[in-house]
file input_36.txt (compact mmCIF, C-alpha atoms)
# COMPACT_ATOMS: atom_id res chain seq x y z
CA MET A 1 105.14 85.11 199.68
CA GLY A 2 102.37 83.18 201.31
CA GLU A 3 103.82 79.77 200.34
CA LEU A 4 105.59 77.64 202.86
CA ILE A 5 107.87 75.07 201.26
CA THR A 6 108.09 74.79 197.52
CA GLY A 7 107.88 71.13 196.56
CA HIS A 8 107.06 69.87 200.07
CA PRO A 9 103.72 69.16 201.73
CA ALA A 10 102.34 72.19 203.48
CA VAL A 11 101.46 70.19 206.60
CA ALA A 12 105.05 68.93 206.97
CA SER A 13 106.30 72.47 206.47
CA ALA A 14 104.00 73.84 209.15
CA LEU A 15 104.99 71.12 211.62
CA LEU A 16 108.68 71.76 210.98
CA LEU A 17 108.31 75.48 211.66
CA LEU A 18 106.04 74.91 214.65
CA ALA A 19 108.61 72.60 216.25
CA ALA A 20 111.42 75.03 215.40
CA GLY A 21 109.40 77.81 216.97
CA VAL A 22 109.03 75.91 220.24
CA ALA A 23 112.79 75.26 220.25
CA SER A 24 113.41 78.93 219.49
CA GLY A 25 111.25 80.04 222.40
CA LEU A 26 113.08 77.69 224.73
CA ALA A 27 116.50 78.72 223.42
CA GLY A 28 115.57 82.37 223.85
CA SER A 29 114.60 81.73 227.47
CA ILE A 30 117.71 79.69 228.22
CA ALA A 31 120.43 81.34 226.17
CA GLY A 32 119.04 84.41 224.38
CA LEU A 33 119.64 82.83 220.98
CA ALA A 34 116.24 82.00 219.51
CA SER A 35 117.33 82.63 215.91
CA LEU A 36 119.72 79.68 215.93
CA PHE A 37 116.67 77.43 215.58
CA SER A 38 114.16 79.61 213.76
CA TYR A 39 116.39 81.01 211.00
CA PRO A 40 117.81 77.66 209.76
CA ALA A 41 114.31 76.16 209.90
CA LEU A 42 113.10 78.85 207.53
CA LEU A 43 116.05 78.15 205.24
CA ALA A 44 115.17 74.45 205.37
CA ALA A 45 111.63 75.45 204.43
CA GLY A 46 112.99 76.79 201.16
CA LEU A 47 112.98 80.52 201.85
CA PRO A 48 115.85 82.63 200.46
CA PRO A 49 118.16 84.13 203.13
CA VAL A 50 116.70 87.66 203.13
CA ALA A 51 113.10 86.41 203.07
CA ALA A 52 113.95 83.96 205.88
CA ASN A 53 115.46 86.76 207.96
CA VAL A 54 112.52 89.16 207.65
CA THR A 55 110.02 86.36 208.24
CA ASN A 56 112.00 85.33 211.31
CA THR A 57 111.91 88.88 212.67
CA VAL A 58 108.14 89.06 212.28
CA ALA A 59 107.60 85.63 213.86
CA LEU A 60 109.82 86.36 216.87
CA PHE A 61 107.43 89.09 217.99
CA SER A 62 105.45 86.30 219.66
CA ASN A 63 108.62 85.26 221.49
CA THR A 64 108.73 88.71 223.09
CA VAL A 65 105.07 88.46 224.08
CA GLY A 66 105.58 85.05 225.67
CA THR A 67 108.65 86.02 227.68
CA ALA A 68 107.06 89.28 228.82
CA ALA A 69 103.98 87.42 230.03
CA GLY A 70 106.20 85.14 232.09
CA SER A 71 108.14 88.05 233.65
CA ARG A 72 105.38 90.30 234.98
CA ALA A 73 106.66 90.13 238.55
CA GLU A 74 110.16 91.26 237.54
CA LEU A 75 108.81 94.13 235.42
CA ARG A 76 106.87 95.81 238.22
CA GLY A 77 108.12 99.34 238.87
CA GLN A 78 110.19 99.43 235.67
CA ARG A 79 107.82 101.47 233.48
CA ALA A 80 109.93 104.64 233.07
CA ARG A 81 113.07 102.63 232.41
CA LEU A 82 111.29 100.37 229.94
CA ILE A 83 109.90 103.32 228.00
CA ARG A 84 113.31 104.96 227.76
CA LEU A 85 115.19 101.85 226.71
CA SER A 86 112.46 100.69 224.34
CA CYS A 87 112.43 104.00 222.49
CA ILE A 88 116.21 103.90 222.02
CA ALA A 89 116.18 100.26 220.93
CA ALA A 90 113.26 100.90 218.57
CA VAL A 91 115.23 103.62 216.78
CA GLY A 92 118.11 101.19 216.42
CA GLY A 93 115.77 98.52 215.11
CA ALA A 94 114.45 100.91 212.46
CA ILE A 95 118.00 101.73 211.34
CA GLY A 96 118.85 98.03 211.20
CA ALA A 97 115.77 97.30 209.10
CA ALA A 98 116.67 100.09 206.68
CA LEU A 99 120.20 98.72 206.46
CA LEU A 100 118.93 95.23 205.65
CA LEU A 101 116.50 96.49 203.02
CA GLY A 102 119.32 98.45 201.38
CA THR A 103 121.85 95.59 201.54
CA PRO A 104 122.34 93.40 198.45
CA SER A 105 121.22 89.84 199.14
CA ALA A 106 124.69 88.50 198.27
CA ALA A 107 126.30 90.70 200.92
CA PHE A 108 123.73 89.56 203.49
CA GLU A 109 124.42 85.90 202.72
CA LEU A 110 128.13 86.48 203.37
CA ALA A 111 127.46 88.37 206.62
CA VAL A 112 125.02 85.89 208.17
CA PRO A 113 127.53 83.09 208.96
CA TRP A 114 129.73 85.56 210.84
CA LEU A 115 126.74 86.95 212.75
CA ILE A 116 125.66 83.45 213.78
CA ALA A 117 129.23 82.58 214.78
CA LEU A 118 129.41 85.75 216.88
CA GLY A 119 126.19 84.86 218.64
CA SER A 120 127.39 81.32 219.30
CA VAL A 121 130.70 82.49 220.76
CA LEU A 122 128.87 84.95 223.00
CA ILE A 123 126.78 82.10 224.33
CA LEU A 124 129.90 80.05 225.08
CA VAL A 125 131.56 82.92 226.99
CA ARG A 126 128.41 84.12 228.71
CA GLU A 127 129.37 82.94 232.19
CA PRO A 128 132.83 84.61 232.22
CA LEU A 129 131.11 87.72 230.88
CA ARG A 130 128.57 87.59 233.70
CA ARG A 131 131.32 87.21 236.29
CA LEU A 132 133.13 90.20 234.86
CA ILE A 133 129.91 92.21 234.95
CA ALA A 134 129.18 91.12 238.53
CA LYS A 135 132.47 92.63 239.68
CA ARG A 136 131.38 96.00 238.33
CA THR A 137 127.73 96.15 239.38
CA SER A 138 128.61 97.89 242.63
CA ASP A 139 129.77 100.83 240.50
CA ALA A 140 126.83 100.63 238.11
CA ALA A 141 125.41 103.94 239.28
CA ALA A 142 128.61 105.61 238.12
CA VAL A 143 128.31 104.30 234.56
CA PRO A 144 127.58 107.28 232.25
CA GLN A 145 124.14 106.94 230.70
CA LEU A 146 125.11 108.30 227.27
CA PRO A 147 127.45 105.36 226.49
CA VAL A 148 124.77 102.97 227.74
CA ALA A 149 122.18 104.61 225.47
CA CYS A 150 124.57 104.38 222.50
CA ALA A 151 125.21 100.71 223.25
CA VAL A 152 121.46 100.02 223.44
CA LEU A 153 121.03 101.81 220.10
CA LEU A 154 123.72 99.66 218.48
CA VAL A 155 122.27 96.44 219.88
CA GLY A 156 118.86 97.53 218.61
CA LEU A 157 120.39 98.16 215.17
CA TYR A 158 121.92 94.69 215.17
CA GLY A 159 118.60 93.21 216.30
CA GLY A 160 116.76 94.93 213.46
CA TYR A 161 119.32 93.76 210.90
CA PHE A 162 119.64 90.11 211.96
CA GLY A 163 119.20 89.57 215.68
CA ALA A 164 120.93 86.30 216.65
CA ALA A 165 122.36 86.83 220.17
CA ALA A 166 120.97 90.37 220.34
CA GLY A 167 119.52 89.35 223.70
CA VAL A 168 122.96 88.34 224.97
CA LEU A 169 124.42 91.67 223.89
CA MET A 170 121.54 93.61 225.45
CA LEU A 171 121.86 91.67 228.71
CA ALA A 172 125.54 92.55 228.91
CA VAL A 173 124.83 96.25 228.31
CA LEU A 174 121.99 96.46 230.84
CA SER A 175 123.91 94.51 233.47
CA LEU A 176 126.58 97.20 233.39
CA SER A 177 124.05 99.96 233.91
CA ALA A 178 122.02 98.71 236.88
CA ALA A 179 122.78 96.86 240.12
CA GLU A 180 119.82 94.48 240.36
CA PRO A 181 118.99 90.76 240.34
CA LEU A 182 119.68 89.04 237.04
CA PRO A 183 116.01 88.00 236.50
CA VAL A 184 115.01 91.69 236.54
CA THR A 185 117.73 92.63 234.06
CA ASN A 186 116.75 89.69 231.87
CA ALA A 187 113.09 90.75 231.87
CA VAL A 188 114.00 94.33 230.95
CA LYS A 189 116.28 92.98 228.23
CA ASN A 190 113.40 91.03 226.71
CA ILE A 191 111.29 94.18 226.38
CA ALA A 192 114.14 96.31 224.99
CA THR A 193 115.14 93.77 222.35
CA GLY A 194 111.47 93.21 221.61
CA ALA A 195 111.04 96.91 220.86
CA ALA A 196 113.82 96.74 218.24
CA ASN A 197 112.28 93.58 216.83
CA ILE A 198 108.79 95.06 216.60
CA THR A 199 110.00 98.20 214.83
CA ALA A 200 111.87 96.14 212.26
CA ALA A 201 108.93 93.74 211.90
CA VAL A 202 106.54 96.58 211.07
CA ALA A 203 108.91 97.83 208.38
CA TYR A 204 109.35 94.35 206.95
CA ALA A 205 105.61 93.73 206.94
CA PHE A 206 105.14 96.53 204.40
CA LEU A 207 108.44 96.59 202.54
CA ALA A 208 109.98 93.10 202.58
CA PRO A 209 109.08 89.61 201.29
CA VAL A 210 107.58 88.22 204.50
CA ASP A 211 106.15 84.70 204.14
CA TRP A 212 103.08 85.09 206.33
CA SER A 213 102.10 81.42 206.54
CA ALA A 214 105.63 80.55 207.66
CA ALA A 215 105.64 83.45 210.12
CA LEU A 216 102.34 82.25 211.61
CA ALA A 217 103.50 78.65 212.11
CA LEU A 218 106.86 79.72 213.52
CA GLY A 219 105.28 82.43 215.68
CA LEU A 220 102.83 80.03 217.30
CA GLY A 221 105.67 77.71 218.25
CA CYS A 222 107.76 80.62 219.55
CA PHE A 223 104.96 81.76 221.82
CA VAL A 224 104.54 78.27 223.31
CA GLY A 225 108.29 77.82 223.80
CA ALA A 226 108.73 81.26 225.35
CA TRP A 227 105.74 80.75 227.64
CA ILE A 228 106.91 77.40 229.04
CA GLY A 229 110.62 78.26 228.87
CA PRO A 230 110.97 79.55 232.45
CA ALA A 231 109.42 76.37 233.85
CA VAL A 232 111.73 74.19 231.74
CA VAL A 233 114.81 76.17 232.78
CA ARG A 234 114.06 75.40 236.42
CA ARG A 235 114.32 71.64 235.74
CA VAL A 236 116.86 71.20 232.92
CA PRO A 237 120.60 71.77 233.55
CA GLU A 238 121.36 75.03 231.75
CA THR A 239 125.07 74.69 230.99
CA PRO A 240 125.02 71.52 228.84
CA LEU A 241 122.04 72.78 226.90
CA ARG A 242 123.62 76.21 226.38
CA ILE A 243 126.86 74.66 225.15
CA ALA A 244 124.94 72.37 222.79
CA VAL A 245 123.08 75.34 221.33
CA ALA A 246 126.31 77.28 220.83
CA LEU A 247 128.10 74.36 219.16
CA ALA A 248 125.13 73.81 216.87
CA GLY A 249 125.28 77.49 215.97
CA LEU A 250 128.97 77.27 215.10
CA GLY A 251 128.26 74.25 212.93
CA LEU A 252 125.47 76.12 211.17
CA ALA A 253 127.72 79.15 210.66
CA TRP A 254 130.39 76.97 209.04
CA SER A 255 127.82 75.30 206.76
CA LEU A 256 126.30 78.61 205.66
CA TRP A 257 129.73 80.19 205.11
CA ARG A 258 130.81 77.25 202.97
CA ASP A 259 127.64 77.46 200.88
CA ALA A 260 127.91 81.25 200.51
CA THR A 261 131.53 81.18 199.38
CA ALA A 262 130.94 78.23 197.03
CA SER A 263 128.10 79.97 195.17

call {"tool": "encode", "arguments": {"input": "input_36.txt", "output": "structure tokens"}}
result
Amino acid sequence: MGELITGHPAVASALLLLAAGVASGLAGSIAGLASLFSYPALLAAGLPPVAANVTNTVALFSNTVGTAAGSRAELRGQRARLIRLSCIAAVGGAIGAALLLGTPSAAFELAVPWLIALGSVLILVREPLRRLIAKRTSDAAAVPQLPVACAVLLVGLYGGYFGAAAGVLMLAVLSLSAAEPLPVTNAVKNIATGAANITAAVAYAFLAPVDWSAALALGLGCFVGAWIGPAVVRRVPETPLRIAVALAGLGLAWSLWRDATAS
């Protein structure tokens, strides 16, 4: 803990994580998949998989702050809903954190490639998923709230355990439960997933091997990327960038799976 990259200059390590953090903030704004940049950067920095995951969770708190700051207009009038969803997601995040802390590191290393692959596939199929959801939004008021709450709990659990594409999953769940403009749903999603992340981050801060210098460098970059992300999205074509992120994620998943099964 407290060391950035063993055997590498600290300045180079900090710059690597800072740049990865900016990319993570942008990817979170564009595709809901910030961990596809931040997690491998922490691995490249020499952190073991579990330490990289808990450090990533702590650092991504600043991603939530940045996206929330950029979505204040969409969040107006959503207080009661945000409190309800955040409480449910926070419980899920706590369960996910407990699951991670009780999972052998070897089992986590085998699970991570599949989790990253799942997140990447979800990014690739996001538009068909959105079109399917759009056909059902007129009946959103009829969706039972208990299944929605259970789904939010499960997404929060996943977010607390690992988190890649948790935002995509949460967006899908919330889109089925409310007929509203997508920017509003996206803003609510950021707060709900952030609640799961924060709960897990607090647990990891006391009970897990968080590398605080790495978390600081990565977190600063995440905040910058998340803050400027909405402005960038308005100017950069989303689809090619989203596909590139997803394909990079699938490549990373394959590489990590190969390494995990070879060891």

call {"tool": "residues_near_point", "arguments": {"input": "input_36.txt", "point": "(114.7, 93.5, 237.2)", "cutoff": "12 Å", "atoms": "only C-alpha atoms", "output": "compact mmCIF listing (two decimals) with C-alpha atoms, in the frame of the given file"}}
result
# COMPACT_ATOMS: atom_id res chain seq x y z
CA SER A 71 108.14 88.05 233.65
CA ARG A 72 105.38 90.30 234.98
CA ALA A 73 106.66 90.13 238.55
CA GLU A 74 110.16 91.26 237.54
CA LEU A 75 108.81 94.13 235.42
CA ARG A 76 106.87 95.81 238.22
CA GLY A 77 108.12 99.34 238.87
CA GLN A 78 110.19 99.43 235.67
CA ARG A 79 107.82 101.47 233.48
CA ARG A 81 113.07 102.63 232.41
CA LEU A 82 111.29 100.37 229.94
CA LEU A 171 121.86 91.67 228.71
CA LEU A 174 121.99 96.46 230.84
CA SER A 175 123.91 94.51 233.47
CA SER A 177 124.05 99.96 233.91
CA ALA A 178 122.02 98.71 236.88
CA ALA A 179 122.78 96.86 240.12
CA GLU A 180 119.82 94.48 240.36
CA PRO A 181 118.99 90.76 240.34
CA LEU A 182 119.68 89.04 237.04
CA PRO A 183 116.01 88.00 236.50
CA VAL A 184 115.01 91.69 236.54
CA THR A 185 117.73 92.63 234.06
CA ASN A 186 116.75 89.69 231.87
CA ALA A 187 113.09 90.75 231.87
CA VAL A 188 114.00 94.33 230.95
CA LYS A 189 116.28 92.98 228.23
CA ASN A 190 113.40 91.03 226.71
CA ILE A 191 111.29 94.18 226.38

call {"tool": "residues_around", "arguments": {"input": "input_36.txt", "residues": "Pro49 (chain A)", "least_positions_apart": "5", "cutoff": "8 Å", "atoms": "all atoms listed in the file", "output": "MDAnalysis selection string"}}
result
chainID A and resid 43 105 108:109

call {"tool": "atom_distance", "arguments": {"input": "input_36.txt", "atom1": "CA of Asn53 (chain A)", "atom2": "CA of Ala20 (chain A)"}}
result
14.5 Å

call {"tool": "residues_around", "arguments": {"input": "input_36.txt", "residues": "Gly93 (chain A)", "least_positions_apart": "5", "cutoff": "8 Å", "atoms": "all atoms listed in the file", "output": "compact mmCIF listing (two decimals) with C-alpha atoms, in the coordinates of the input"}}
result
# COMPACT_ATOMS: atom_id res chain seq x y z
CA LEU A 153 121.03 101.81 220.10
CA GLY A 156 118.86 97.53 218.61
CA LEU A 157 120.39 98.16 215.17
CA TYR A 158 121.92 94.69 215.17
CA GLY A 159 118.60 93.21 216.30
CA GLY A 160 116.76 94.93 213.46
CA TYR A 161 119.32 93.76 210.90
CA ALA A 195 111.04 96.91 220.86
CA ALA A 196 113.82 96.74 218.24
CA ASN A 197 112.28 93.58 216.83
CA ILE A 198 108.79 95.06 216.60
CA THR A 199 110.00 98.20 214.83
CA ALA A 200 111.87 96.14 212.26

call {"tool": "closest_residue", "arguments": {"input": "input_36.txt", "among": "A:Ala203, A:Val210, A:Ala117, A:Ala23", "to": "Ala253 (chain A)", "atoms": "only C-alpha atoms"}}
result
A:Ala117

call {"tool": "closest_residue", "arguments": {"input": "input_36.txt", "among": "A:Gly219, A:Pro209, A:Gly163, A:Pro104", "to": "Ile116 (chain A)", "atoms": "only C-alpha atoms"}}
result
A:Gly163

call {"tool": "residues_around", "arguments": {"input": "input_36.txt", "residues": "Leu115 (chain A)", "least_positions_apart": "3", "cutoff": "9 Å", "atoms": "only C-alpha atoms", "output": "VMD selection string"}}
result
chain A and resid 111 to 112 118 to 120 162 to 165 253

call {"tool": "closest_atom_pairs", "arguments": {"input": "input_36.txt", "of": "region 166-258 of chain A", "to": "region 57-62 of chain A", "cutoff": "7 Å", "atoms": "only C-alpha atoms", "output": "Markdown table"}}
result
| residue | atom | partner | partner_atom | distance |
| --- | --- | --- | --- | --- |
| A:Gly194 | CA | A:Phe61 | CA | 6.8 |
| A:Asn197 | CA | A:Thr57 | CA | 6.3 |
| A:Ile198 | CA | A:Phe61 | CA | 6.3 |
| A:Ala201 | CA | A:Val58 | CA | 4.8 |
| A:Ala215 | CA | A:Ala59 | CA | 4.8 |
| A:Leu216 | CA | A:Ala59 | CA | 6.6 |
| A:Leu218 | CA | A:Ala59 | CA | 6.0 |
| A:Gly219 | CA | A:Ala59 | CA | 4.4 |
| A:Cys222 | CA | A:Ser62 | CA | 6.1 |
| A:Phe223 | CA | A:Ser62 | CA | 5.1 |

call {"tool": "atom_distance", "arguments": {"input": "input_36.txt", "atom1": "CA of Ile243 (chain A)", "atom2": "CA of Leu122 (chain A)"}}
result
10.7 Å
